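Novice: Just final-v3.cif, nothing more (mmCIF, C-alpha atoms):
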data_model
loop_
_atom_site.group_PDB
_atom_site.id
_atom_site.type_symbol
_atom_site.label_atom_id
_atom_site.label_comp_id
_atom_site.auth_asym_id
_atom_site.auth_seq_id
_atom_site.Cartn_x
_atom_site.Cartn_y
_atom_site.Cartn_z
ATOM 1 C CA MET A 1 -34.348 -13.503 4.870
ATOM 2 C CA GLU A 2 -32.926 -12.429 1.522
ATOM 3 C CA ASN A 3 -31.692 -9.148 3.001
ATOM 4 C CA ARG A 4 -29.937 -11.013 5.794
ATOM 5 C CA SER A 5 -28.288 -13.348 3.292
ATOM 6 C CA ASP A 6 -27.152 -10.390 1.167
ATOM 7 C CA SER A 7 -25.773 -8.674 4.262
ATOM 8 C CA GLU A 8 -23.799 -11.793 5.252
ATOM 9 C CA THR A 9 -22.457 -12.150 1.707
ATOM 10 C CA ASN A 10 -21.339 -8.512 1.665
ATOM 11 C CA SER A 11 -19.672 -8.923 5.066
ATOM 12 C CA ILE A 12 -17.774 -12.031 3.898
ATOM 13 C CA PHE A 13 -16.721 -10.247 0.704
ATOM 14 C CA SER A 14 -15.526 -7.203 2.660
ATOM 15 C CA LEU A 15 -13.587 -9.406 5.096
ATOM 16 C CA SER A 16 -12.056 -11.412 2.241
ATOM 17 C CA ALA A 17 -10.951 -8.216 0.479
ATOM 18 C CA ALA A 18 -9.297 -6.930 3.660
ATOM 19 C CA LEU A 19 -7.635 -10.285 4.440
ATOM 20 C CA SER A 20 -6.319 -10.658 0.882
ATOM 21 C CA TYR A 21 -4.798 -7.186 1.000
ATOM 22 C CA GLY A 22 -3.151 -7.907 4.350
ATOM 23 C CA ILE A 23 -1.508 -11.125 3.123
ATOM 24 C CA ALA A 24 -0.395 -9.592 -0.187
ATOM 25 C CA SER A 25 0.982 -6.504 1.553
ATOM 26 C CA MET A 26 2.969 -8.582 4.046
ATOM 27 C CA ALA A 27 4.448 -10.782 1.332
ATOM 28 C CA MET A 28 5.338 -7.804 -0.875
ATOM 29 C CA VAL A 29 7.500 -6.144 1.796
ATOM 30 C CA PHE A 30 9.773 -9.194 2.030
ATOM 31 C CA ILE A 31 9.831 -9.795 -1.726
ATOM 32 C CA ASN A 32 10.780 -6.159 -2.417
ATOM 33 C CA LYS A 33 13.471 -6.227 0.262
ATOM 34 C CA ALA A 34 14.867 -9.480 -1.177
ATOM 35 C CA ILE A 35 15.060 -8.220 -4.754
ATOM 36 C CA LEU A 36 16.454 -4.797 -3.780
ATOM 37 C CA MET A 37 19.311 -6.591 -2.015
ATOM 38 C CA GLN A 38 20.166 -8.058 -5.434
ATOM 39 C CA TYR A 39 19.021 -5.289 -7.786
ATOM 40 C CA ALA A 40 19.046 -1.668 -6.587
ATOM 41 C CA ASN A 41 17.308 -0.053 -9.611
ATOM 42 C CA SER A 42 13.934 0.394 -7.921
ATOM 43 C CA MET A 43 12.390 2.721 -10.545
ATOM 44 C CA THR A 44 13.107 0.270 -13.373
ATOM 45 C CA LEU A 45 11.520 -2.452 -11.265
ATOM 46 C CA LEU A 46 8.416 -0.321 -10.722
ATOM 47 C CA THR A 47 8.230 0.442 -14.460
ATOM 48 C CA LEU A 48 8.335 -3.288 -15.265
ATOM 49 C CA GLN A 49 5.552 -3.960 -12.753
ATOM 50 C CA GLN A 50 3.322 -1.365 -14.409
ATOM 51 C CA LEU A 51 4.086 -2.633 -17.921
ATOM 52 C CA VAL A 52 3.243 -6.221 -16.966
ATOM 53 C CA THR A 53 0.045 -5.086 -15.208
ATOM 54 C CA ALA A 54 -1.173 -3.078 -18.222
ATOM 55 C CA LEU A 55 -0.384 -5.897 -20.679
ATOM 56 C CA LEU A 56 -2.116 -8.580 -18.584
ATOM 57 C CA ILE A 57 -5.276 -6.544 -18.019
ATOM 58 C CA HIS A 58 -5.428 -5.498 -21.686
ATOM 59 C CA SER A 59 -4.936 -9.110 -22.821
ATOM 60 C CA GLY A 60 -7.511 -10.353 -20.325
ATOM 61 C CA ARG A 61 -10.048 -7.805 -21.564
ATOM 62 C CA ARG A 62 -9.452 -8.701 -25.208
ATOM 63 C CA MET A 63 -9.886 -12.418 -24.437
ATOM 64 C CA GLY A 64 -12.970 -11.822 -22.313
ATOM 65 C CA TYR A 65 -11.464 -12.810 -18.952
ATOM 66 C CA THR A 66 -12.111 -9.409 -17.391
ATOM 67 C CA LYS A 67 -15.018 -6.986 -17.789
ATOM 68 C CA ALA A 68 -12.924 -3.846 -17.589
ATOM 69 C CA LYS A 69 -14.341 -1.023 -19.688
ATOM 70 C CA ALA A 70 -12.366 0.623 -22.467
ATOM 71 C CA VAL A 71 -10.146 3.512 -21.420
ATOM 72 C CA ASP A 72 -11.967 6.836 -21.341
ATOM 73 C CA MET A 73 -9.953 10.061 -21.578
ATOM 74 C CA SER A 74 -12.119 12.062 -19.142
ATOM 75 C CA THR A 75 -11.821 9.313 -16.533
ATOM 76 C CA ALA A 76 -8.069 9.111 -17.132
ATOM 77 C CA ILE A 77 -7.719 12.843 -16.412
ATOM 78 C CA LYS A 78 -9.678 12.427 -13.153
ATOM 79 C CA LEU A 79 -7.452 9.527 -12.084
ATOM 80 C CA LEU A 80 -4.164 11.204 -12.999
ATOM 81 C CA PRO A 81 -3.562 12.481 -9.410
ATOM 82 C CA ILE A 82 -4.102 8.932 -8.054
ATOM 83 C CA SER A 83 -1.490 7.586 -10.440
ATOM 84 C CA LEU A 84 1.027 10.271 -9.508
ATOM 85 C CA PHE A 85 0.545 9.745 -5.765
ATOM 86 C CA TYR A 86 0.654 5.964 -6.151
ATOM 87 C CA ASN A 87 3.955 6.020 -8.018
ATOM 88 C CA ALA A 88 5.420 8.539 -5.605
ATOM 89 C CA ASN A 89 4.400 6.315 -2.673
ATOM 90 C CA VAL A 90 5.905 3.144 -4.157
ATOM 91 C CA ALA A 91 9.049 4.905 -5.384
ATOM 92 C CA PHE A 92 9.792 6.407 -1.966
ATOM 93 C CA ALA A 93 8.903 3.131 -0.220
ATOM 94 C CA LEU A 94 11.315 1.166 -2.420
ATOM 95 C CA ALA A 95 14.012 3.792 -1.884
ATOM 96 C CA SER A 96 13.564 3.558 1.894
ATOM 97 C CA LEU A 97 13.854 -0.263 1.874
ATOM 98 C CA LYS A 98 17.392 0.074 0.529
ATOM 99 C CA GLY A 99 18.584 1.543 3.837
ATOM 100 C CA VAL A 100 15.908 0.735 6.439
ATOM 101 C CA ASN A 101 15.437 -2.724 7.968
ATOM 102 C CA ILE A 102 11.981 -4.318 7.699
ATOM 103 C CA PRO A 103 10.828 -3.867 11.357
ATOM 104 C CA MET A 104 11.645 -0.135 11.289
ATOM 105 C CA TYR A 105 10.142 0.287 7.809
ATOM 106 C CA ILE A 106 6.866 -1.241 9.036
ATOM 107 C CA ALA A 107 6.937 0.893 12.199
ATOM 108 C CA ILE A 108 7.245 4.082 10.151
ATOM 109 C CA LYS A 109 4.510 2.975 7.737
ATOM 110 C CA ARG A 110 2.211 2.539 10.750
ATOM 111 C CA LEU A 111 2.077 6.323 10.874
ATOM 112 C CA THR A 112 -0.265 6.206 7.846
ATOM 113 C CA PRO A 113 -3.436 6.101 10.028
ATOM 114 C CA LEU A 114 -2.262 9.310 11.711
ATOM 115 C CA ALA A 115 -1.903 10.968 8.322
ATOM 116 C CA VAL A 116 -5.304 9.624 7.180
ATOM 117 C CA LEU A 117 -6.996 10.965 10.319
ATOM 118 C CA ILE A 118 -5.389 14.372 9.891
ATOM 119 C CA ALA A 119 -6.458 14.439 6.231
ATOM 120 C CA GLY A 120 -9.976 13.416 7.261
ATOM 121 C CA PHE A 121 -10.128 16.141 9.910
ATOM 122 C CA PHE A 122 -9.154 18.876 7.458
ATOM 123 C CA SER A 123 -11.569 17.529 4.837
ATOM 124 C CA GLY A 124 -14.480 17.858 7.282
ATOM 125 C CA LYS A 125 -14.798 14.322 8.659
ATOM 126 C CA GLY A 126 -14.615 15.563 12.235
ATOM 127 C CA ARG A 127 -12.314 15.022 15.193
ATOM 128 C CA PRO A 128 -11.208 11.486 16.149
ATOM 129 C CA THR A 129 -12.252 9.891 19.447
ATOM 130 C CA THR A 130 -10.009 9.958 22.520
ATOM 131 C CA GLN A 131 -9.058 6.295 22.111
ATOM 132 C CA VAL A 132 -8.105 6.782 18.478
ATOM 133 C CA THR A 133 -6.062 9.880 19.300
ATOM 134 C CA LEU A 134 -4.199 8.175 22.161
ATOM 135 C CA SER A 135 -3.487 5.053 20.098
ATOM 136 C CA VAL A 136 -2.045 7.149 17.264
ATOM 137 C CA ILE A 137 0.144 9.073 19.727
ATOM 138 C CA LEU A 138 1.368 5.754 21.186
ATOM 139 C CA THR A 139 2.169 4.487 17.686
ATOM 140 C CA ALA A 140 4.153 7.628 16.865
ATOM 141 C CA ALA A 141 5.989 7.489 20.229
ATOM 142 C CA GLY A 142 6.962 3.894 19.469
ATOM 143 C CA VAL A 143 8.546 4.976 16.182
ATOM 144 C CA ILE A 144 10.633 7.651 17.938
ATOM 145 C CA ILE A 145 11.816 5.262 20.685
ATOM 146 C CA ALA A 146 12.615 2.505 18.171
ATOM 147 C CA ALA A 147 14.559 4.958 16.004
ATOM 148 C CA LEU A 148 16.684 5.996 18.994
ATOM 149 C CA GLY A 149 17.718 2.368 19.453
ATOM 150 C CA ASP A 150 18.250 1.640 15.761
ATOM 151 C CA PHE A 151 21.997 1.078 15.285
ATOM 152 C CA SER A 152 21.514 0.908 11.527
ATOM 153 C CA PHE A 153 19.802 4.330 11.463
ATOM 154 C CA ASP A 154 19.723 5.707 7.941
ATOM 155 C CA LEU A 155 18.513 9.318 7.700
ATOM 156 C CA PHE A 156 17.895 9.070 3.962
ATOM 157 C CA GLY A 157 15.937 5.817 4.369
ATOM 158 C CA TYR A 158 13.829 7.275 7.201
ATOM 159 C CA SER A 159 13.083 10.388 5.140
ATOM 160 C CA MET A 160 12.019 8.271 2.178
ATOM 161 C CA ALA A 161 9.710 6.142 4.345
ATOM 162 C CA LEU A 162 8.039 9.197 5.915
ATOM 163 C CA THR A 163 7.530 10.763 2.482
ATOM 164 C CA SER A 164 6.017 7.470 1.332
ATOM 165 C CA VAL A 165 3.511 7.671 4.218
ATOM 166 C CA LEU A 166 2.412 11.113 3.016
ATOM 167 C CA PHE A 167 1.833 9.982 -0.567
ATOM 168 C CA GLN A 168 0.164 6.725 0.513
ATOM 169 C CA THR A 169 -2.370 8.721 2.510
ATOM 170 C CA MET A 170 -3.145 10.986 -0.415
ATOM 171 C CA TYR A 171 -3.714 8.218 -2.925
ATOM 172 C CA LEU A 172 -5.780 6.067 -0.509
ATOM 173 C CA VAL A 173 -8.182 8.939 0.074
ATOM 174 C CA LEU A 174 -8.389 9.615 -3.670
ATOM 175 C CA VAL A 175 -8.959 5.921 -4.504
ATOM 176 C CA GLU A 176 -11.869 5.803 -2.074
ATOM 177 C CA LYS A 177 -13.338 8.953 -3.617
ATOM 178 C CA SER A 178 -12.920 7.757 -7.213
ATOM 179 C CA GLY A 179 -14.404 4.344 -6.478
ATOM 180 C CA ALA A 180 -17.479 5.909 -4.917
ATOM 181 C CA GLU A 181 -18.099 8.615 -7.497
ATOM 182 C CA ASP A 182 -17.140 6.958 -10.773
ATOM 183 C CA GLY A 183 -18.197 3.361 -10.065
ATOM 184 C CA LEU A 184 -14.834 1.979 -11.156
ATOM 185 C CA SER A 185 -13.824 -1.573 -10.343
ATOM 186 C CA SER A 186 -10.425 -2.413 -8.840
ATOM 187 C CA VAL A 187 -9.277 -3.897 -12.189
ATOM 188 C CA GLU A 188 -10.261 -0.714 -14.043
ATOM 189 C CA ILE A 189 -8.414 1.498 -11.552
ATOM 190 C CA MET A 190 -5.365 -0.767 -11.948
ATOM 191 C CA LEU A 191 -5.513 -0.408 -15.733
ATOM 192 C CA TYR A 192 -5.792 3.378 -15.620
ATOM 193 C CA ASN A 193 -3.068 3.556 -12.977
ATOM 194 C CA SER A 194 -0.665 1.465 -15.062
ATOM 195 C CA LEU A 195 -1.278 3.323 -18.327
ATOM 196 C CA LEU A 196 -0.905 6.705 -16.651
ATOM 197 C CA SER A 197 2.201 5.583 -14.767
ATOM 198 C CA ILE A 198 4.249 4.223 -17.677
ATOM 199 C CA PRO A 199 5.055 7.547 -19.456
ATOM 200 C CA PHE A 200 5.948 9.205 -16.147
ATOM 201 C CA LEU A 201 8.161 6.303 -15.038
ATOM 202 C CA LEU A 202 9.903 6.046 -18.415
ATOM 203 C CA PHE A 203 10.743 9.743 -18.194
ATOM 204 C CA VAL A 204 12.105 9.292 -14.645
ATOM 205 C CA ILE A 205 14.368 6.310 -15.398
ATOM 206 C CA ILE A 206 15.773 8.063 -18.477
ATOM 207 C CA ALA A 207 16.189 11.458 -16.769
ATOM 208 C CA THR A 208 17.950 9.933 -13.740
ATOM 209 C CA GLY A 209 20.280 7.855 -15.916
ATOM 210 C CA GLU A 210 18.997 4.581 -14.477
ATOM 211 C CA PHE A 211 18.129 3.385 -17.991
ATOM 212 C CA PRO A 212 19.607 1.700 -20.080
ATOM 213 C CA ASN A 213 22.269 0.395 -17.646
ATOM 214 C CA SER A 214 19.538 -0.968 -15.367
ATOM 215 C CA LEU A 215 18.166 -3.066 -18.234
ATOM 216 C CA SER A 216 21.542 -4.600 -19.138
ATOM 217 C CA LEU A 217 22.133 -5.376 -15.449
ATOM 218 C CA LEU A 218 18.695 -6.986 -15.275
ATOM 219 C CA PHE A 219 19.509 -9.305 -18.193
ATOM 220 C CA ALA A 220 22.896 -10.160 -16.670
ATOM 221 C CA LYS A 221 21.379 -11.063 -13.293
ATOM 222 C CA SER A 222 18.575 -13.086 -14.908
ATOM 223 C CA SER A 223 21.056 -15.936 -15.402
ATOM 224 C CA SER A 224 20.695 -16.566 -11.651
ATOM 225 C CA LEU A 225 17.705 -18.810 -10.888
ATOM 226 C CA TYR A 226 17.243 -17.243 -7.439
ATOM 227 C CA PHE A 227 17.116 -13.722 -8.882
ATOM 228 C CA LEU A 228 14.773 -14.808 -11.670
ATOM 229 C CA VAL A 229 12.359 -16.369 -9.178
ATOM 230 C CA ILE A 230 12.186 -13.304 -6.917
ATOM 231 C CA LEU A 231 11.903 -11.015 -9.972
ATOM 232 C CA ILE A 232 8.879 -12.961 -11.253
ATOM 233 C CA LEU A 233 7.426 -13.021 -7.737
ATOM 234 C CA SER A 234 7.916 -9.260 -7.507
ATOM 235 C CA LEU A 235 6.121 -8.636 -10.802
ATOM 236 C CA VAL A 236 3.239 -10.990 -9.977
ATOM 237 C CA MET A 237 2.827 -9.815 -6.394
ATOM 238 C CA GLY A 238 2.937 -6.193 -7.547
ATOM 239 C CA ILE A 239 -0.224 -6.896 -9.547
ATOM 240 C CA VAL A 240 -1.848 -8.871 -6.707
ATOM 241 C CA LEU A 241 -1.053 -6.151 -4.162
ATOM 242 C CA ASN A 242 -2.480 -3.370 -6.339
ATOM 243 C CA PHE A 243 -5.651 -5.355 -7.049
ATOM 244 C CA THR A 244 -6.294 -6.267 -3.399
ATOM 245 C CA MET A 245 -5.443 -2.757 -2.176
ATOM 246 C CA PHE A 246 -7.818 -1.025 -4.608
ATOM 247 C CA LEU A 247 -10.497 -3.683 -3.941
ATOM 248 C CA CYS A 248 -10.212 -3.294 -0.157
ATOM 249 C CA THR A 249 -10.379 0.501 -0.406
ATOM 250 C CA ILE A 250 -13.430 0.467 -2.696
ATOM 251 C CA VAL A 251 -15.349 -2.306 -0.884
ATOM 252 C CA ASN A 252 -14.493 -0.992 2.587
ATOM 253 C CA SER A 253 -12.757 2.405 2.917
ATOM 254 C CA ALA A 254 -9.354 4.103 2.946
ATOM 255 C CA LEU A 255 -9.340 3.871 6.739
ATOM 256 C CA THR A 256 -10.016 0.121 6.675
ATOM 257 C CA THR A 257 -7.097 -0.336 4.290
ATOM 258 C CA THR A 258 -4.772 1.472 6.685
ATOM 259 C CA ILE A 259 -6.059 -0.595 9.642
ATOM 260 C CA VAL A 260 -5.338 -3.806 7.741
ATOM 261 C CA GLY A 261 -1.882 -2.429 7.003
ATOM 262 C CA VAL A 262 -1.309 -1.880 10.720
ATOM 263 C CA LEU A 263 -2.455 -5.381 11.704
ATOM 264 C CA LYS A 264 -0.389 -7.186 9.062
ATOM 265 C CA GLY A 265 2.597 -5.247 10.351
ATOM 266 C CA VAL A 266 2.514 -7.250 13.598
ATOM 267 C CA GLY A 267 3.467 -10.442 11.777
ATOM 268 C CA SER A 268 5.820 -8.653 9.405
ATOM 269 C CA THR A 269 7.728 -7.027 12.263
ATOM 270 C CA THR A 270 8.261 -10.386 13.983
ATOM 271 C CA LEU A 271 9.383 -12.082 10.776
ATOM 272 C CA GLY A 272 11.549 -9.083 9.910
ATOM 273 C CA PHE A 273 13.879 -9.835 12.826
ATOM 274 C CA VAL A 274 14.700 -13.309 11.522
ATOM 275 C CA LEU A 275 14.353 -13.047 7.720
ATOM 276 C CA LEU A 276 16.764 -11.355 5.272
ATOM 277 C CA GLY A 277 18.976 -9.950 8.062
ATOM 278 C CA GLY A 278 19.993 -6.303 8.540
ATOM 279 C CA VAL A 279 18.534 -5.966 12.055
ATOM 280 C CA GLN A 280 20.790 -5.244 15.036
ATOM 281 C CA VAL A 281 18.753 -6.006 18.155
ATOM 282 C CA HIS A 282 18.821 -3.343 20.879
ATOM 283 C CA ALA A 283 16.577 -3.095 23.965
ATOM 284 C CA LEU A 284 15.434 0.432 23.070
ATOM 285 C CA ASN A 285 14.702 -0.574 19.501
ATOM 286 C CA VAL A 286 12.686 -3.631 20.543
ATOM 287 C CA MET A 287 10.785 -1.640 23.206
ATOM 288 C CA GLY A 288 9.901 1.023 20.650
ATOM 289 C CA LEU A 289 8.664 -1.564 18.162
ATOM 290 C CA VAL A 290 6.540 -3.237 20.858
ATOM 291 C CA ILE A 291 5.014 0.147 21.795
ATOM 292 C CA ASN A 292 4.471 0.958 18.114
ATOM 293 C CA THR A 293 2.754 -2.404 17.533
ATOM 294 C CA ALA A 294 0.606 -2.020 20.661
ATOM 295 C CA GLY A 295 -0.474 1.414 19.451
ATOM 296 C CA GLY A 296 -1.347 -0.027 16.047
ATOM 297 C CA VAL A 297 -3.457 -2.828 17.544
ATOM 298 C CA TRP A 298 -5.170 -0.393 19.931
ATOM 299 C CA TYR A 299 -5.923 1.919 17.026
ATOM 300 C CA SER A 300 -7.500 -0.920 15.042
ATOM 301 C CA TYR A 301 -9.620 -1.950 18.025
ATOM 302 C CA ALA A 302 -10.722 1.649 18.661
ATOM 303 C CA LYS A 303 -11.772 2.088 15.025
ATOM 304 C CA TYR A 304 -13.644 -1.221 15.113
ATOM 305 C CA GLN A 305 -15.545 -0.164 18.247
ATOM 306 C CA GLN A 306 -16.267 3.250 16.738
ATOM 307 C CA LYS A 307 -17.693 1.686 13.575
ATOM 308 C CA LYS A 308 -19.678 -0.893 15.577
ATOM 309 C CA ASN A 309 -21.318 1.726 17.816
ATOM 310 C CA LYS A 310 -21.939 4.231 15.046
ATOM 311 C CA PRO A 311 -25.597 4.459 13.907
ATOM 312 C CA PRO A 312 -26.170 3.982 10.163
ATOM 313 C CA LYS A 313 -26.209 7.228 8.165
ATOM 314 C CA PRO A 314 -28.392 7.960 5.136
ATOM 315 C CA VAL A 315 -25.396 9.512 3.378
ATOM 316 C CA SER A 316 -24.087 7.579 0.381
ATOM 317 C CA ASP A 317 -20.460 6.502 0.845
ATOM 318 C CA VAL A 318 -18.084 3.790 -0.340
ATOM 319 C CA GLU A 319 -19.763 1.117 1.746
ATOM 320 C CA ALA A 320 -23.193 2.000 0.406
ATOM 321 C CA HIS A 321 -21.862 2.087 -3.135
ATOM 322 C CA SER A 322 -20.451 -1.435 -2.846
ATOM 323 C CA LYS A 323 -23.779 -3.016 -1.811
#
Could I get this file's structure written as structure tokens?

Specialist:
Amino acid sequence: MENRSDSETNSIFSLSAALSYGIASMAMVFINKAILMQYANSMTLLTLQQLVTALLIHSGRRMGYTKAKAVDMSTAIKLLPISLFYNANVAFALASLKGVNIPMYIAIKRLTPLAVLIAGFFSGKGRPTTQVTLSVILTAAGVIIAALGDFSFDLFGYSMALTSVLFQTMYLVLVEKSGAEDGLSSVEIMLYNSLLSIPFLLFVIIATGEFPNSLSLLFAKSSSLYFLVILILSLVMGIVLNFTMFLCTIVNSALTTTIVGVLKGVGSTTLGFVLLGGVQVHALNVMGLVINTAGGVWYSYAKYQQKKNKPPKPVSDVEAHSK
């Protein structure tokens, strides 16, 4: 009876982690789009998010609110690639949002499962099932059709979004691996990620000339209540998104995190047509987005069925580690 209760508790925790990530991820897309329409210095914004994250976790640890362990240099070196891929993913994603409308941005990001499956295949995880393969092809076809009907097509924005997909795949796989092998909590990974990110981001904003003009512009715009509210929301939700993403990946898997990302995109795509503007409706564009969404839902269903029908393996993985 105890084992059954533990199993139910673990299932609820896993579901809660996935649901939290989905909600946070959906909200963050709109918040980022809203603030980038007011403040285009995306790298400065990312640097602020990492600074706030590091300060809050450090303060929480000092006051006893979190149980995060002290920073260890050997662990930091192991997590350095995760930090680099994470920042590259977010930087390219923010850059793409400047020129790509939300429905198309989400459609392109739905290609992440394809990249994860390819990465898994080359790392020895085996070939995907027919249903999974067909659903991924349908998702990719939807992106191409939608792009053909996108009147606001922005080559630079599309390129940035596709590059973001590549880096997102790499860091998701690495987060899953680090969580399983090093026993790190989501808060600890966040702390390491922030501390490792700050020097790199400071170098980037100085080298690109974004700083210090971006800081003076930030102070000037802070006199607007609307801008101040979305700035605070951006900083807070950046922390929430990172926490829920790392938690979902550790408790479940990198693949589960991408599936959640696909499912939350259904609601985000619909809302994207009516919120914040920037979308010129065209039959081809809408048809492509519908096909892309259908492929994403089919993919999620196929992966669910595959996991449901798969016999338990004695091999230790992320799921086993979390129990």

Novice: Kindly provide the residues of region 97-191 of chain A that approach region 62-70 of chain A to within 10 Å, each paired with its closest atom pair and their distance in Å to one decimal, based on all atoms listed in the file, listed by chain and increasing number, as a Markdown table.

Specialist:
| residue | atom | partner | partner_atom | distance |
| --- | --- | --- | --- | --- |
| A:Leu184 | CA | A:Ala68 | CA | 8.9 |
| A:Ser185 | CA | A:Ala68 | CA | 7.6 |
| A:Ser186 | CA | A:Ala68 | CA | 9.2 |
| A:Val187 | CA | A:Ala68 | CA | 6.5 |
| A:Glu188 | CA | A:Ala68 | CA | 5.4 |
| A:Ile189 | CA | A:Ala68 | CA | 9.2 |
| A:Met190 | CA | A:Ala68 | CA | 9.9 |
| A:Leu191 | CA | A:Ala68 | CA | 8.4 |

Novice: Go ahead and compute the interatomic distance for CA of Val90 (chain A) and CA of Ala294 (chain A), in Å to one decimal.

Specialist: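 Computing the Euclidean distance for CA of Val90 (chain A) and CA of Ala294 (chain A) yields 25.9 Å.
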
Novice: Please list as a PDB file with C-alpha atoms, in the frame of the given file every residue within 12 Å of Ala24 (chain A), counting only C-alpha atoms and excluding residues in the same chain fewer than 5 positions away.

Specialist:
ATOM      1  CA  ALA A  17     -10.951  -8.216   0.479  1.00  0.00           C
ATOM      2  CA  ALA A  18      -9.297  -6.930   3.660  1.00  0.00           C
ATOM      3  CA  LEU A  19      -7.635 -10.285   4.440  1.00  0.00           C
ATOM      4  CA  VAL A  29       7.500  -6.144   1.796  1.00  0.00           C
ATOM      5  CA  PHE A  30       9.773  -9.194   2.030  1.00  0.00           C
ATOM      6  CA  ILE A  31       9.831  -9.795  -1.726  1.00  0.00           C
ATOM      7  CA  ASN A  32      10.780  -6.159  -2.417  1.00  0.00           C
ATOM      8  CA  LEU A 233       7.426 -13.021  -7.737  1.00  0.00           C
ATOM      9  CA  SER A 234       7.916  -9.260  -7.507  1.00  0.00           C
ATOM     10  CA  VAL A 236       3.239 -10.990  -9.977  1.00  0.00           C
ATOM     11  CA  MET A 237       2.827  -9.815  -6.394  1.00  0.00           C
ATOM     12  CA  GLY A 238       2.937  -6.193  -7.547  1.00  0.00           C
ATOM     13  CA  ILE A 239      -0.224  -6.896  -9.547  1.00  0.00           C
ATOM     14  CA  VAL A 240      -1.848  -8.871  -6.707  1.00  0.00           C
ATOM     15  CA  LEU A 241      -1.053  -6.151  -4.162  1.00  0.00           C
ATOM     16  CA  ASN A 242      -2.480  -3.370  -6.339  1.00  0.00           C
ATOM     17  CA  PHE A 243      -5.651  -5.355  -7.049  1.00  0.00           C
ATOM     18  CA  THR A 244      -6.294  -6.267  -3.399  1.00  0.00           C
ATOM     19  CA  MET A 245      -5.443  -2.757  -2.176  1.00  0.00           C
ATOM     20  CA  CYS A 248     -10.212  -3.294  -0.157  1.00  0.00           C
ATOM     21  CA  VAL A 260      -5.338  -3.806   7.741  1.00  0.00           C
ATOM     22  CA  GLY A 261      -1.882  -2.429   7.003  1.00  0.00           C
ATOM     23  CA  LYS A 264      -0.389  -7.186   9.062  1.00  0.00           C
ATOM     24  CA  GLY A 265       2.597  -5.247  10.351  1.00  0.00           C
ATOM     25  CA  SER A 268       5.820  -8.653   9.405  1.00  0.00           C
TER      26      SER A 268
END

Novice: Taking the file as shown, what set of residues would the PyMOL selection byres ((chain A and resi 213-220) around 12) give back, as a ChimeraX atom specification?

Specialist: /A:35-36,38-45,47-48,205-206,208-212,221-225,227-228,231

Novice: So that I can check the surroundings of Lys33 (chain A), please list as a PyMOL selection string every protein, DNA and RNA residue that reaches within 12 Å of it, counting all atoms listed in the file and ignoring chain neighbours fewer than 3 positions away.

Specialist: chain A and resi 26-30+36-40+42+93-103+105+230-231+234+272+275-278

Novice: Could those residues be written to a file, using C-alpha atoms, as a tab-separated table (two decimals), keeping the file's coordinate frame?

Specialist:
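selection.tsv was written with the following content:
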chain	number	residue	atom	x	y	z
A	26	MET	CA	2.97	-8.58	4.05
A	27	ALA	CA	4.45	-10.78	1.33
A	28	MET	CA	5.34	-7.80	-0.88
A	29	VAL	CA	7.50	-6.14	1.80
A	30	PHE	CA	9.77	-9.19	2.03
A	36	LEU	CA	16.45	-4.80	-3.78
A	37	MET	CA	19.31	-6.59	-2.02
A	38	GLN	CA	20.17	-8.06	-5.43
A	39	TYR	CA	19.02	-5.29	-7.79
A	40	ALA	CA	19.05	-1.67	-6.59
A	42	SER	CA	13.93	0.39	-7.92
A	93	ALA	CA	8.90	3.13	-0.22
A	94	LEU	CA	11.32	1.17	-2.42
A	95	ALA	CA	14.01	3.79	-1.88
A	96	SER	CA	13.56	3.56	1.89
A	97	LEU	CA	13.85	-0.26	1.87
A	98	LYS	CA	17.39	0.07	0.53
A	99	GLY	CA	18.58	1.54	3.84
A	100	VAL	CA	15.91	0.74	6.44
A	101	ASN	CA	15.44	-2.72	7.97
A	102	ILE	CA	11.98	-4.32	7.70
A	103	PRO	CA	10.83	-3.87	11.36
A	105	TYR	CA	10.14	0.29	7.81
A	230	ILE	CA	12.19	-13.30	-6.92
A	231	LEU	CA	11.90	-11.02	-9.97
A	234	SER	CA	7.92	-9.26	-7.51
A	272	GLY	CA	11.55	-9.08	9.91
A	275	LEU	CA	14.35	-13.05	7.72
A	276	LEU	CA	16.76	-11.36	5.27
A	277	GLY	CA	18.98	-9.95	8.06
A	278	GLY	CA	19.99	-6.30	8.54

Novice: Mind telling me what the PyMOL selection byres ((chain A and resi 115) around 12) catches here, as an NGL selection string?

Specialist: :A and (108-114 or 116-122 or 133 or 136-137 or 140 or 162-173 or 254-255 or 258)

Novice: Go through A:Ala34, A:Leu201, A:Val52, A:Leu134 one by one, measure the shortest atom-to-atom distance of each to Val229 (chain A) using all atoms listed in the file, and give the residue with the smallest value.

Specialist: A:Ala34

Novice: Spell out the residues picked by the PyMOL selection byres ((chain A and resi 198) around 10) here, as a ChimeraX atom specification.

Specialist: /A:46-51,54,83,87,193-197,199-204

Novice: Figure out the distance between CA of Ala146 (chain A) and CA of Val286 (chain A), please, to one decimal in Å.

Specialist: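 Interatomic distance, CA of Val286 (chain A) to CA of Ala146 (chain A): 6.6 Å.
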
Novice: Quick one: of A:Val132, A:Ala161, A:Leu138, A:Leu148, who's nearest to Tyr301 (chain A), counting all atoms listed in the file?

Specialist: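 Going through A:Val132, A:Ala161, A:Leu138, A:Leu148 one by one, the smallest distance to Tyr301 (chain A) is for A:Val132.
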
Novice: For region 187-195 of chain A of the structure just presented, write C-alpha atoms to a file, as an mmCIF file, in the first residue's frame.

Specialist:
data_model
loop_
_atom_site.group_PDB
_atom_site.id
_atom_site.type_symbol
_atom_site.label_atom_id
_atom_site.label_comp_id
_atom_site.auth_asym_id
_atom_site.auth_seq_id
_atom_site.Cartn_x
_atom_site.Cartn_y
_atom_site.Cartn_z
ATOM 1 C CA VAL A 187 17.529 25.415 -7.657
ATOM 2 C CA GLU A 188 21.195 24.368 -7.644
ATOM 3 C CA ILE A 189 21.306 24.132 -11.444
ATOM 4 C CA MET A 190 19.713 27.598 -11.610
ATOM 5 C CA LEU A 191 22.370 29.000 -9.275
ATOM 6 C CA TYR A 192 25.254 27.499 -11.239
ATOM 7 C CA ASN A 193 23.664 28.589 -14.513
ATOM 8 C CA SER A 194 23.282 32.188 -13.332
ATOM 9 C CA LEU A 195 26.792 32.491 -11.891
#
